[in-house]
Every structure is written in C-alpha cells, then in structure tokens.
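S.K.: For reference, this is my_file-v1.txt, and it has compact mmCIF, C-alpha atoms.
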# COMPACT_ATOMS: atom_id res chain seq x y z
CA MET A 1 36.54 11.57 -88.96
CA GLU A 2 37.88 14.91 -87.80
CA LYS A 3 41.59 15.09 -87.30
CA LYS A 4 42.38 15.81 -83.68
CA GLN A 5 43.97 19.19 -83.13
CA SER A 6 46.03 19.13 -79.98
CA LEU A 7 47.55 22.58 -80.36
CA ILE A 8 45.80 25.58 -81.85
CA PHE A 9 47.65 28.91 -81.97
CA ILE A 10 45.78 32.21 -82.31
CA THR A 11 47.28 35.69 -82.58
CA GLY A 12 45.88 39.11 -83.30
CA GLY A 13 46.09 42.76 -82.37
CA VAL A 14 44.53 44.34 -79.30
CA ARG A 15 40.68 44.08 -79.33
CA SER A 16 40.81 42.04 -82.51
CA GLY A 17 38.34 39.53 -81.11
CA LYS A 18 41.01 36.85 -80.73
CA SER A 19 39.86 35.85 -77.22
CA SER A 20 36.20 35.61 -78.24
CA PHE A 21 37.16 33.51 -81.24
CA ALA A 22 39.32 31.24 -79.05
CA GLU A 23 36.48 30.83 -76.54
CA LYS A 24 34.00 30.01 -79.29
CA LEU A 25 36.37 27.44 -80.74
CA ALA A 26 36.94 25.88 -77.31
CA ALA A 27 33.21 25.70 -76.64
CA GLU A 28 32.55 24.03 -80.00
CA MET A 29 35.21 21.42 -79.37
CA ALA A 30 33.93 20.80 -75.84
CA GLY A 31 30.46 20.30 -77.31
CA GLN A 32 31.73 17.76 -79.82
CA ILE A 33 33.54 15.57 -77.33
CA SER A 34 31.37 16.37 -74.29
CA GLY A 35 34.57 17.66 -72.74
CA ASN A 36 35.37 20.11 -69.97
CA LEU A 37 36.45 23.70 -70.46
CA HIS A 38 39.51 25.08 -68.68
CA TYR A 39 40.88 28.58 -68.70
CA ILE A 40 44.44 29.42 -67.71
CA ALA A 41 44.63 33.04 -66.62
CA ALA A 42 48.32 33.85 -66.67
CA GLY A 43 47.98 37.53 -65.79
CA LYS A 44 48.57 38.86 -62.31
CA ARG A 45 46.24 41.48 -60.90
CA SER A 46 48.73 44.31 -60.97
CA ASP A 47 46.40 47.31 -60.88
CA HIS A 48 42.77 48.42 -61.08
CA GLU A 49 42.76 48.57 -64.88
CA MET A 50 44.10 45.02 -65.10
CA ASP A 51 41.45 43.96 -62.60
CA GLN A 52 38.71 45.43 -64.80
CA ARG A 53 40.19 43.75 -67.85
CA ILE A 54 40.16 40.36 -66.11
CA LYS A 55 36.60 40.96 -64.89
CA ARG A 56 35.42 41.78 -68.41
CA HIS A 57 36.83 38.50 -69.72
CA GLN A 58 35.36 36.55 -66.78
CA GLU A 59 31.91 38.04 -67.34
CA ASP A 60 32.12 37.27 -71.06
CA ARG A 61 32.85 33.66 -70.21
CA LYS A 62 30.03 33.56 -67.64
CA LYS A 63 27.56 35.04 -70.15
CA SER A 64 28.34 32.21 -72.52
CA GLY A 65 26.49 29.94 -70.10
CA LEU A 66 29.31 27.43 -70.23
CA ASN A 67 31.10 26.02 -67.28
CA TRP A 68 34.73 27.19 -67.35
CA LYS A 69 37.17 26.14 -64.69
CA THR A 70 39.72 28.90 -64.17
CA TRP A 71 43.34 28.35 -63.17
CA GLU A 72 45.22 31.45 -62.06
CA GLU A 73 48.70 30.16 -62.68
CA HIS A 74 51.66 31.19 -64.77
CA ASN A 75 53.86 28.18 -64.12
CA LEU A 76 52.61 25.85 -66.84
CA ALA A 77 54.73 22.91 -65.71
CA SER A 78 52.79 22.75 -62.44
CA LEU A 79 49.53 22.45 -64.42
CA SER A 80 50.25 19.80 -67.02
CA GLY A 81 49.26 16.97 -64.68
CA ALA A 82 45.86 18.59 -64.11
CA PHE A 83 44.46 17.80 -67.56
CA SER A 84 43.26 14.70 -69.35
CA LYS A 85 41.98 13.78 -72.80
CA SER A 86 38.51 15.08 -72.01
CA ASP A 87 39.79 18.61 -71.37
CA ILE A 88 39.88 21.62 -73.67
CA VAL A 89 42.32 24.18 -72.31
CA LEU A 90 42.45 27.84 -73.25
CA LEU A 91 45.62 29.78 -72.44
CA ASP A 92 45.18 33.55 -72.73
CA CYS A 93 47.81 34.68 -73.37
CA LEU A 94 51.48 33.93 -74.05
CA THR A 95 52.51 37.56 -73.58
CA THR A 96 51.33 37.62 -69.97
CA LEU A 97 53.28 34.41 -69.36
CA LEU A 98 56.43 36.00 -70.74
CA ASN A 99 55.73 39.21 -68.80
CA GLN A 100 55.73 37.30 -65.50
CA GLU A 101 59.14 35.82 -66.20
CA PHE A 102 60.67 38.81 -67.93
CA PHE A 103 59.68 41.64 -65.60
CA GLN A 104 59.66 39.83 -62.24
CA ASN A 105 63.31 38.84 -62.23
CA GLY A 106 65.20 42.09 -61.94
CA GLU A 107 67.99 42.47 -64.47
CA GLU A 108 68.10 38.80 -65.41
CA TRP A 109 66.45 39.50 -68.77
CA ARG A 110 69.85 40.75 -69.98
CA ASP A 111 71.37 37.28 -69.55
CA PRO A 112 71.23 35.17 -72.74
CA VAL A 113 71.09 31.97 -70.66
CA PHE A 114 68.06 33.27 -68.77
CA GLN A 115 66.44 34.23 -72.09
CA VAL A 116 66.89 30.75 -73.58
CA ARG A 117 65.73 29.03 -70.40
CA THR A 118 62.63 31.22 -70.19
CA MET A 119 61.66 30.60 -73.82
CA ASP A 120 62.25 26.85 -73.38
CA ARG A 121 60.14 26.76 -70.23
CA ILE A 122 57.19 28.51 -71.86
CA VAL A 123 57.33 26.44 -75.05
CA SER A 124 57.72 23.11 -73.22
CA GLY A 125 54.87 24.06 -70.87
CA VAL A 126 52.66 24.64 -73.91
CA GLU A 127 53.73 21.34 -75.46
CA GLU A 128 53.11 19.36 -72.27
CA ILE A 129 49.59 20.70 -71.83
CA ALA A 130 48.86 20.13 -75.53
CA ARG A 131 49.95 16.52 -75.04
CA SER A 132 47.99 15.80 -71.88
CA ALA A 133 44.77 17.65 -72.75
CA TYR A 134 42.47 16.91 -75.67
CA SER A 135 43.35 20.29 -77.05
CA LEU A 136 45.22 23.42 -76.00
CA ILE A 137 44.29 26.74 -77.58
CA ALA A 138 47.12 29.25 -77.04
CA VAL A 139 46.35 32.92 -77.65
CA SER A 140 48.93 35.67 -78.10
CA ASN A 141 49.42 39.28 -79.19
CA GLU A 142 50.74 41.02 -82.25
CA ILE A 143 53.48 43.48 -81.25
CA PHE A 144 55.85 43.12 -84.19
CA HIS A 145 54.80 45.77 -86.68
CA GLU A 146 56.69 48.83 -85.58
CA PRO A 147 60.41 49.57 -85.40
CA ALA A 148 61.83 46.85 -83.16
CA GLY A 149 63.21 47.94 -79.85
CA SER A 150 63.70 51.54 -78.87
CA THR A 151 65.64 50.20 -75.85
CA SER A 152 67.62 47.01 -75.29
CA MET A 153 64.89 45.84 -72.93
CA VAL A 154 62.14 46.21 -75.53
CA LEU A 155 64.38 44.61 -78.15
CA ALA A 156 65.09 41.59 -75.93
CA TYR A 157 61.43 41.20 -75.05
CA THR A 158 60.30 41.45 -78.68
CA ARG A 159 62.92 38.99 -79.86
CA MET A 160 61.95 36.47 -77.16
CA LEU A 161 58.23 36.70 -77.89
CA GLY A 162 58.90 36.41 -81.64
CA LYS A 163 60.93 33.26 -81.11
CA ILE A 164 58.29 31.79 -78.80
CA HIS A 165 55.64 32.47 -81.45
CA GLN A 166 57.79 30.85 -84.15
CA ARG A 167 58.19 27.71 -82.06
CA VAL A 168 54.53 27.52 -81.07
CA ALA A 169 53.45 28.10 -84.71
CA GLU A 170 55.77 25.29 -85.79
CA LYS A 171 54.28 22.85 -83.26
CA ALA A 172 50.70 23.97 -83.84
CA ASP A 173 48.32 21.83 -85.89
CA THR A 174 46.29 24.93 -86.63
CA PHE A 175 47.26 28.59 -86.63
CA TYR A 176 44.90 31.57 -86.99
CA LEU A 177 45.51 35.29 -87.27
CA VAL A 178 42.46 37.27 -86.18
CA GLU A 179 41.97 40.58 -88.01
CA ALA A 180 39.11 42.77 -86.75
CA GLY A 181 37.10 39.76 -85.62
CA ILE A 182 37.78 37.77 -88.79
CA PRO A 183 39.88 34.64 -88.27
CA LEU A 184 42.34 33.96 -91.10
CA LEU A 185 43.55 30.39 -91.28
CA LEU A 186 47.33 30.41 -91.84
CA LYS A 187 48.16 26.79 -91.09
CA GLY A 188 46.30 23.48 -90.88
CA ASP A 189 42.64 22.68 -91.37
CA GLU A 190 39.62 24.63 -90.25
CA ALA A 191 38.99 23.79 -86.57
CA PRO A 192 37.34 22.01 -84.93
CA MET B 1 61.49 39.28 -107.86
CA HIS B 2 60.11 37.86 -104.67
CA PHE B 3 59.15 40.31 -101.94
CA VAL B 4 58.85 39.04 -98.38
CA THR B 5 57.57 41.07 -95.49
CA GLY B 6 56.09 40.59 -92.01
CA GLY B 7 56.72 41.70 -88.46
CA SER B 8 60.12 41.69 -86.82
CA PHE B 9 61.42 38.39 -85.39
CA ASN B 10 58.94 36.40 -87.46
CA GLY B 11 61.50 34.13 -89.13
CA LYS B 12 61.37 35.79 -92.57
CA GLY B 13 65.02 35.08 -93.44
CA LYS B 14 64.73 31.51 -92.17
CA TRP B 15 61.66 30.94 -94.34
CA ILE B 16 63.46 32.25 -97.42
CA GLY B 17 66.45 30.04 -96.64
CA SER B 18 64.35 26.89 -96.60
CA PHE B 19 61.98 27.92 -99.42
CA TYR B 20 64.91 28.39 -101.83
CA GLY B 21 67.11 25.67 -100.31
CA LEU B 22 69.85 28.24 -99.80
CA ASP B 23 71.95 25.85 -97.71
CA ASN B 24 72.86 24.14 -100.97
CA THR B 25 72.60 27.05 -103.38
CA PRO B 26 75.33 29.60 -103.98
CA HIS B 27 73.76 32.91 -103.12
CA LEU B 28 74.48 36.46 -102.22
CA TRP B 29 72.99 37.60 -98.91
CA ILE B 30 73.28 41.27 -98.12
CA SER B 31 71.91 42.20 -94.72
CA ALA B 32 71.27 45.68 -93.42
CA TYR B 33 71.09 44.12 -89.94
CA LYS B 34 74.78 43.35 -90.17
CA ALA B 35 75.37 47.01 -90.92
CA GLU B 36 76.05 46.09 -94.53
CA GLY B 37 75.74 49.18 -96.64
CA ILE B 38 73.37 50.20 -99.34
CA PRO B 39 73.12 47.18 -101.63
CA ARG B 40 75.67 47.36 -104.41
CA LEU B 41 75.22 45.39 -107.55
CA PRO B 42 77.34 42.25 -107.66
CA SER B 43 80.16 42.45 -110.16
CA GLY B 44 79.81 40.56 -113.45
CA GLN B 45 82.13 37.83 -112.17
CA ASN B 46 79.75 36.69 -109.48
CA LYS B 47 78.44 33.19 -110.01
CA GLU B 48 75.50 33.49 -107.65
CA THR B 49 72.10 33.32 -109.27
CA VAL B 50 70.16 34.17 -106.11
CA ALA B 51 70.53 37.53 -104.40
CA VAL B 52 68.83 38.30 -101.09
CA LEU B 53 68.60 41.87 -99.83
CA GLU B 54 67.55 41.71 -96.19
CA GLY B 55 66.45 44.57 -93.96
CA MET B 56 65.25 46.98 -96.64
CA GLU B 57 63.65 49.18 -93.98
CA MET B 58 67.06 49.88 -92.44
CA TRP B 59 68.43 51.30 -95.71
CA LEU B 60 65.32 53.44 -95.92
CA LYS B 61 66.02 54.69 -92.42
CA GLU B 62 69.48 55.80 -93.44
CA TRP B 63 68.27 57.60 -96.54
CA ALA B 64 65.26 59.14 -94.78
CA GLY B 65 67.72 60.59 -92.28
CA SER B 66 69.91 62.17 -94.94
CA LYS B 67 67.47 62.89 -97.77
CA GLY B 68 64.02 63.01 -96.16
CA ALA B 69 61.13 60.67 -96.93
CA ASP B 70 60.72 61.71 -100.57
CA GLY B 71 64.46 61.52 -101.23
CA ALA B 72 64.60 58.07 -99.65
CA ARG B 73 61.74 56.91 -101.82
CA VAL B 74 63.51 58.05 -104.98
CA GLU B 75 66.79 56.46 -103.84
CA TRP B 76 65.06 53.11 -103.30
CA GLN B 77 63.43 53.31 -106.74
CA LYS B 78 66.88 53.81 -108.28
CA GLN B 79 68.45 50.92 -106.37
CA LEU B 80 65.55 48.63 -107.10
CA GLU B 81 65.68 49.42 -110.80
CA GLN B 82 69.38 48.42 -110.89
CA TRP B 83 68.72 45.14 -109.12
CA LEU B 84 65.72 44.32 -111.30
CA LYS B 85 67.97 44.88 -114.34
CA TRP B 86 70.54 42.49 -112.86
CA GLU B 87 67.82 39.89 -112.35
CA LYS B 88 66.60 40.15 -115.95
CA GLN B 89 70.10 39.76 -117.46
CA GLU B 90 70.00 36.00 -116.93
CA SER B 91 66.89 33.90 -116.77
CA ALA B 92 68.15 31.82 -113.80
CA ARG B 93 68.62 34.87 -111.59
CA VAL B 94 66.27 35.50 -108.70
CA LEU B 95 66.10 38.66 -106.64
CA ILE B 96 64.62 38.39 -103.13
CA ILE B 97 63.89 41.42 -101.00
CA ILE B 98 63.07 41.11 -97.30
CA ALA B 99 61.58 43.98 -95.32
CA ALA B 100 60.34 44.06 -91.74
CA ASP B 101 56.99 45.84 -91.63
CA ILE B 102 57.49 48.81 -89.29
CA THR B 103 54.37 50.69 -90.36
CA LYS B 104 51.65 49.52 -87.99
CA GLY B 105 52.58 51.03 -84.63
CA ILE B 106 51.55 54.25 -82.91
CA VAL B 107 52.47 57.41 -84.85
CA PRO B 108 55.95 58.25 -83.55
CA MET B 109 56.59 61.46 -81.61
CA LEU B 110 59.76 62.27 -83.53
CA ALA B 111 59.48 63.77 -87.01
CA GLU B 112 62.46 61.76 -88.28
CA GLU B 113 60.83 58.51 -87.24
CA ARG B 114 57.61 59.54 -88.97
CA SER B 115 59.48 60.26 -92.17
CA TRP B 116 61.29 56.90 -91.91
CA ARG B 117 57.92 55.14 -91.64
CA ASP B 118 56.56 57.05 -94.62
CA ALA B 119 59.59 56.14 -96.70
CA ALA B 120 59.38 52.48 -95.65
CA GLY B 121 55.69 52.28 -96.49
CA TRP B 122 56.18 53.82 -99.93
CA ALA B 123 59.17 51.61 -100.66
CA CYS B 124 57.10 48.53 -99.79
CA GLN B 125 54.39 49.59 -102.24
CA GLU B 126 56.99 50.23 -104.93
CA THR B 127 58.64 46.85 -104.32
CA ALA B 128 55.35 44.97 -104.19
CA SER B 129 54.26 46.50 -107.49
CA HIS B 130 57.34 45.04 -109.23
CA ALA B 131 57.22 41.68 -107.46
CA GLU B 132 56.16 38.51 -109.26
CA ARG B 133 55.43 37.04 -105.88
CA MET B 134 54.87 38.46 -102.41
CA ASP B 135 54.54 36.63 -99.08
CA VAL B 136 53.81 37.83 -95.57
CA ILE B 137 55.55 35.65 -92.98
CA TRP B 138 53.80 34.93 -89.69
CA TYR B 139 56.18 33.13 -87.33
CA GLY B 140 57.61 30.97 -90.06
CA VAL B 141 54.28 30.41 -91.83
CA ASN B 142 53.81 32.13 -95.18
CA GLN B 143 50.70 33.89 -96.40
CA ARG B 144 50.98 34.50 -100.11
CA ILE B 145 49.32 37.77 -101.10
CA LYS B 146 50.59 38.17 -104.67
Taking this structure as input, can you express it in the form of structure tokens?

M.R.:
Amino acid sequence: MEKKQSLIFITGGVRSGKSSFAEKLAAEMAGQISGNLHYIAAGKRSDHEMDQRIKRHQEDRKKSGLNWKTWEEHNLASLSGAFSKSDIVLLDCLTTLLNQEFFQNGEEWRDPVFQVRTMDRIVSGVEEIARSAYSLIAVSNEIFHEPAGSTSMVLAYTRMLGKIHQRVAEKADTFYLVEAGIPLLLKGDEAP
Amino acid sequence: MHFVTGGSFNGKGKWIGSFYGLDNTPHLWISAYKAEGIPRLPSGQNKETVAVLEGMEMWLKEWAGSKGADGARVEWQKQLEQWLKWEKQESARVLIIIAADITKGIVPMLAEERSWRDAAGWACQETASHAERMDVIWYGVNQRIK
C-alpha cells in the first residue's frame, strides 16, 4: 500500500515548471483516491501583469479538464476547516503568502516579534491544512542564490522565507526541487 | 575535506552541526558572518580535530575588493592549501568548508560585485576539486553531489 503523503513541498526557480509539476501530482493523487482538487491562490491582484499571470495559471488548470475549486485567500487559518480527507490542496505559493504579511504592514517587518509571529502563522497554517486534507502540496520559489540582502528589508525577507522553507521541508513527507521542468526528489519517496 | 554549499538561509551550518554531532565534539568554528577574519591555522596546541570554516564567500569578497578576482582566487588557493595540510597531519582531523552560493542571480551592475561573484565561483570549483565529499543543502536536506 502507498504511504500517505500529507505534506509535499516543491521549490524551483521562476518558470521552472514547478506549478505544472505540482498540478500534475495533485491530479494524479485525486485520481487515485477519487478526491477533490482545491487551489489556494494566495496572490492579490496588484496590477495588470499580476492579473495576466493569474489568468495564465487559471487557464492552464482549466485546460487540464479537471475540476479545481479555487480559494482566493491568504489567511490559511481561516481555511483549515474547509478541507477533509477526500481533498487534495495545492498552495501556490509560499512567497505570495509571505509577501501579503511582509509588505502590507508598514514598517512592522523590522520588528523581530512580528517576524517570528508571521513565520509561525504561515508554518502552522500549512501544518493545519496538511492535517485536515488528504494532502497539501506547497509550492515555493528559489531566491537564495545571490548575495543575500542588499538592504535590511531584503535581508529580513530572505531570512524569513529561508526559515519558513526549512521548517516546511522538515515537516514534509516529500520534498522536490524542480530544475528546468525536471523534478529532483530530495526527501521521501516518489509521490504519489 | 567536506565542502558544503547551498543558498543563503538554507540551514547549512545547522546541518553540519548535526551531521558531525558537533554539540558533543570539540571543534573549531570560524565564521566570516561573525566578522571573523581570514581563517588562520590553529596553533599546534589545539586539541580540536574538526575545523569548520563558514562563510567562505565573505572572505572572497574581502580579497576581491583588495586584490581583484584573480588575486582573490590565488589567495584562497593558498589558504586552502594550508588548511588541507593541517587536515592531513593527523588522520582524525576533518576540515569542513561552508560557502553560500551567491553565483546564480542577475549579473550585478557594479564591477566590484561582478568580480566578487567570479572569485566566489572559482573558489567553489577549487574547493570542490579537493573535497572528498560535497553536499548541497536545501532547507536542511542534503543532496550529495560528490
């Protein structure tokens, strides 16, 4: 029998194919358990370019012929009650979640207490959904391969995202890095 | 020698700490992030068998600033040679070098930052070529590549 994978973590660079891979994985799991597909869109429509980006992802999901239910929500705690053991949830992506908290609260990002609280909230939101759903697939971005932090803001942001990734990778049953469309398994067993 | 690299804030030092059980092992930990200078060889009296040099890229930055990319590369070769000699003097000794990979971003506008990146990239190749083992750390998870 397949081991159940309640949390799958996927990272990769921009246009690495990490979202497509995550969607494929979700669809396969949904097929296996005759489950429902959910998509948490954490990004806010901030400008036209962002709008186009969201549209492209929506059309990709529509083309797949699968029935995705989309939740436009960045407060994960308010969602955890929405899922059950027949649900596969895709969260794309952790950076947009952090962006909402980090950039929408004025100068609070400078406060170490705010930083810890924000990281805790995001990580516990991920854990709660992973617990209540059949599986949560969390996608995030690679931003760590250049000199860290030209400004204190960038440094704080990078450090927070790095710590969030470390905690999610630790909790994850399975962890993939997607390089140019090729998923590399770094932790756990091949999913699903 | 064990070479460990990966992006910034990926838990590289933490991984080394648990991989070698450093909580219970006398060791020397020299960190460029704590503004600790160019690694000096431990004196003969030191009992530590494990030496960790963390933040290699920051030493390269310093040398690239004063000597240029080529000069920095040569300086690192010299330092590395010394440390490798230290490691070979006793069979129990282990040298660990940790470098954050700063080489995959957009080409920097400033010439000095470009030369730092060049120096860091070359130094990583040099270090990897001497390493018995090399791991890339992804958020606390290691990917062994040598």

S.K.: What separation in Å, quoted to one decimal, exists between atom CA of Leu76 of chain A and atom CA of Glu142 of chain A?

M.R.: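 Spanning atom CA of Leu76 of chain A to atom CA of Glu142 of chain A is a straight-line distance of 21.7 Å.
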
S.K.: I'd like the neighbourhood of Trp59 of chain B as a VMD selection string, where a residue qualifies if any of its atoms comes within 10 Å (using all atoms listed in the file), though same-chain residues fewer than 6 positions away should be ignored.

M.R.: chain B and resid 31 to 33 35 to 39 65 72 75 to 76 116 120

S.K.: Show me which bits of chain A are within 6 Å of chain B, counting only C-alpha atoms, as a list in words.

M.R.: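 That gives Phe144, His145, Glu146, Pro147, Arg159, Gly162, His165 and Gln166 of chain A for chain A.
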
S.K.: Calculate how many Å separate atom CA of Ala26 of chain A from atom CA of Ile137 of chain A, rounding to one decimal.

M.R.: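 Taking atom CA of Ala26 of chain A as the start and atom CA of Ile137 of chain A as the end point, the length is 7.4 Å.
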
S.K.: What is the distance between atom CA of Val89 of chain A and atom CA of Gln115 of chain A, in Å to one decimal?

M.R.: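 These two atoms are separated by 26.1 Å.
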
S.K.: Of the residues A:Ile88, A:Ala41, A:Val123, A:Ile10, which is the one nearest to Leu184 of chain A, using all atoms listed in the file?

M.R.: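 Comparing A:Ile88, A:Ala41, A:Val123, A:Ile10 against Leu184 of chain A, the winner is A:Ile10.
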
S.K.: Would you mind writing segment 27-51 of chain B with N, CA, C and O atoms, as a PDB file, in the frame of the given file?

M.R.:
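Output below, filename selection.pdb:
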ATOM      1  N   HIS B  27      74.601  31.715-103.105  1.00  0.00           N
ATOM      2  CA  HIS B  27      73.760  32.910-103.120  1.00  0.00           C
ATOM      3  C   HIS B  27      74.477  34.083-102.483  1.00  0.00           C
ATOM      4  O   HIS B  27      75.444  33.905-101.739  1.00  0.00           O
ATOM      5  N   LEU B  28      73.955  35.221-102.778  1.00  0.00           N
ATOM      6  CA  LEU B  28      74.480  36.460-102.220  1.00  0.00           C
ATOM      7  C   LEU B  28      73.470  36.916-101.172  1.00  0.00           C
ATOM      8  O   LEU B  28      72.278  36.994-101.468  1.00  0.00           O
ATOM      9  N   TRP B  29      73.925  37.165 -99.958  1.00  0.00           N
ATOM     10  CA  TRP B  29      72.990  37.600 -98.910  1.00  0.00           C
ATOM     11  C   TRP B  29      73.510  38.901 -98.320  1.00  0.00           C
ATOM     12  O   TRP B  29      74.514  38.893 -97.613  1.00  0.00           O
ATOM     13  N   ILE B  30      72.836  39.978 -98.633  1.00  0.00           N
ATOM     14  CA  ILE B  30      73.280  41.270 -98.120  1.00  0.00           C
ATOM     15  C   ILE B  30      72.293  41.721 -97.047  1.00  0.00           C
ATOM     16  O   ILE B  30      71.094  41.856 -97.311  1.00  0.00           O
ATOM     17  N   SER B  31      72.803  41.905 -95.825  1.00  0.00           N
ATOM     18  CA  SER B  31      71.910  42.200 -94.720  1.00  0.00           C
ATOM     19  C   SER B  31      72.184  43.563 -94.103  1.00  0.00           C
ATOM     20  O   SER B  31      73.287  43.849 -93.653  1.00  0.00           O
ATOM     21  N   ALA B  32      71.160  44.378 -94.068  1.00  0.00           N
ATOM     22  CA  ALA B  32      71.270  45.680 -93.420  1.00  0.00           C
ATOM     23  C   ALA B  32      71.434  45.512 -91.905  1.00  0.00           C
ATOM     24  O   ALA B  32      71.950  46.387 -91.228  1.00  0.00           O
ATOM     25  N   TYR B  33      70.984  44.353 -91.383  1.00  0.00           N
ATOM     26  CA  TYR B  33      71.090  44.120 -89.940  1.00  0.00           C
ATOM     27  C   TYR B  33      72.526  43.896 -89.507  1.00  0.00           C
ATOM     28  O   TYR B  33      72.862  43.995 -88.339  1.00  0.00           O
ATOM     29  N   LYS B  34      73.374  43.518 -90.488  1.00  0.00           N
ATOM     30  CA  LYS B  34      74.780  43.350 -90.170  1.00  0.00           C
ATOM     31  C   LYS B  34      75.536  44.619 -90.543  1.00  0.00           C
ATOM     32  O   LYS B  34      76.728  44.586 -90.835  1.00  0.00           O
ATOM     33  N   ALA B  35      74.801  45.711 -90.578  1.00  0.00           N
ATOM     34  CA  ALA B  35      75.370  47.010 -90.920  1.00  0.00           C
ATOM     35  C   ALA B  35      76.029  46.971 -92.293  1.00  0.00           C
ATOM     36  O   ALA B  35      77.003  47.675 -92.549  1.00  0.00           O
ATOM     37  N   GLU B  36      75.538  46.109 -93.177  1.00  0.00           N
ATOM     38  CA  GLU B  36      76.050  46.090 -94.530  1.00  0.00           C
ATOM     39  C   GLU B  36      75.379  47.200 -95.316  1.00  0.00           C
ATOM     40  O   GLU B  36      74.165  47.368 -95.242  1.00  0.00           O
ATOM     41  N   GLY B  37      76.192  47.933 -96.037  1.00  0.00           N
ATOM     42  CA  GLY B  37      75.740  49.180 -96.640  1.00  0.00           C
ATOM     43  C   GLY B  37      74.681  49.012 -97.696  1.00  0.00           C
ATOM     44  O   GLY B  37      74.226  47.909 -97.979  1.00  0.00           O
ATOM     45  N   ILE B  38      74.321  50.121 -98.252  1.00  0.00           N
ATOM     46  CA  ILE B  38      73.370  50.200 -99.340  1.00  0.00           C
ATOM     47  C   ILE B  38      73.740  49.107-100.340  1.00  0.00           C
ATOM     48  O   ILE B  38      74.905  48.987-100.707  1.00  0.00           O
ATOM     49  N   PRO B  39      72.779  48.301-100.754  1.00  0.00           N
ATOM     50  CA  PRO B  39      73.120  47.180-101.630  1.00  0.00           C
ATOM     51  C   PRO B  39      73.809  47.635-102.915  1.00  0.00           C
ATOM     52  O   PRO B  39      73.280  48.482-103.632  1.00  0.00           O
ATOM     53  N   ARG B  40      74.970  47.099-103.144  1.00  0.00           N
ATOM     54  CA  ARG B  40      75.670  47.360-104.410  1.00  0.00           C
ATOM     55  C   ARG B  40      75.449  46.184-105.334  1.00  0.00           C
ATOM     56  O   ARG B  40      75.341  45.051-104.890  1.00  0.00           O
ATOM     57  N   LEU B  41      75.395  46.473-106.599  1.00  0.00           N
ATOM     58  CA  LEU B  41      75.220  45.390-107.550  1.00  0.00           C
ATOM     59  C   LEU B  41      76.433  44.469-107.531  1.00  0.00           C
ATOM     60  O   LEU B  41      77.558  44.937-107.435  1.00  0.00           O
ATOM     61  N   PRO B  42      76.200  43.150-107.598  1.00  0.00           N
ATOM     62  CA  PRO B  42      77.340  42.250-107.660  1.00  0.00           C
ATOM     63  C   PRO B  42      78.090  42.463-108.973  1.00  0.00           C
ATOM     64  O   PRO B  42      77.474  42.806-109.980  1.00  0.00           O
ATOM     65  N   SER B  43      79.385  42.269-108.943  1.00  0.00           N
ATOM     66  CA  SER B  43      80.160  42.450-110.160  1.00  0.00           C
ATOM     67  C   SER B  43      79.828  41.335-111.142  1.00  0.00           C
ATOM     68  O   SER B  43      79.312  40.288-110.755  1.00  0.00           O
ATOM     69  N   GLY B  44      80.136  41.529-112.416  1.00  0.00           N
ATOM     70  CA  GLY B  44      79.810  40.560-113.450  1.00  0.00           C
ATOM     71  C   GLY B  44      80.382  39.178-113.203  1.00  0.00           C
ATOM     72  O   GLY B  44      79.854  38.179-113.670  1.00  0.00           O
ATOM     73  N   GLN B  45      81.462  39.113-112.402  1.00  0.00           N
ATOM     74  CA  GLN B  45      82.130  37.830-112.170  1.00  0.00           C
ATOM     75  C   GLN B  45      81.346  36.917-111.231  1.00  0.00           C
ATOM     76  O   GLN B  45      81.590  35.729-111.187  1.00  0.00           O
ATOM     77  N   ASN B  46      80.441  37.509-110.474  1.00  0.00           N
ATOM     78  CA  ASN B  46      79.750  36.690-109.480  1.00  0.00           C
ATOM     79  C   ASN B  46      78.984  35.535-110.111  1.00  0.00           C
ATOM     80  O   ASN B  46      78.324  35.710-111.122  1.00  0.00           O
ATOM     81  N   LYS B  47      79.123  34.369-109.474  1.00  0.00           N
ATOM     82  CA  LYS B  47      78.440  33.190-110.010  1.00  0.00           C
ATOM     83  C   LYS B  47      77.036  33.032-109.439  1.00  0.00           C
ATOM     84  O   LYS B  47      76.224  32.304-109.981  1.00  0.00           O
ATOM     85  N   GLU B  48      76.785  33.697-108.315  1.00  0.00           N
ATOM     86  CA  GLU B  48      75.500  33.490-107.650  1.00  0.00           C
ATOM     87  C   GLU B  48      74.332  33.857-108.554  1.00  0.00           C
ATOM     88  O   GLU B  48      74.367  34.863-109.260  1.00  0.00           O
ATOM     89  N   THR B  49      73.292  33.002-108.502  1.00  0.00           N
ATOM     90  CA  THR B  49      72.100  33.320-109.270  1.00  0.00           C
ATOM     91  C   THR B  49      71.002  33.872-108.370  1.00  0.00           C
ATOM     92  O   THR B  49      70.015  34.416-108.834  1.00  0.00           O
ATOM     93  N   VAL B  50      71.170  33.673-107.049  1.00  0.00           N
ATOM     94  CA  VAL B  50      70.160  34.170-106.110  1.00  0.00           C
ATOM     95  C   VAL B  50      70.771  35.310-105.297  1.00  0.00           C
ATOM     96  O   VAL B  50      71.862  35.165-104.740  1.00  0.00           O
ATOM     97  N   ALA B  51      70.081  36.415-105.235  1.00  0.00           N
ATOM     98  CA  ALA B  51      70.530  37.530-104.400  1.00  0.00           C
ATOM     99  C   ALA B  51      69.423  37.892-103.414  1.00  0.00           C
ATOM    100  O   ALA B  51      68.266  38.080-103.805  1.00  0.00           O
TER     101      ALA B  51
END
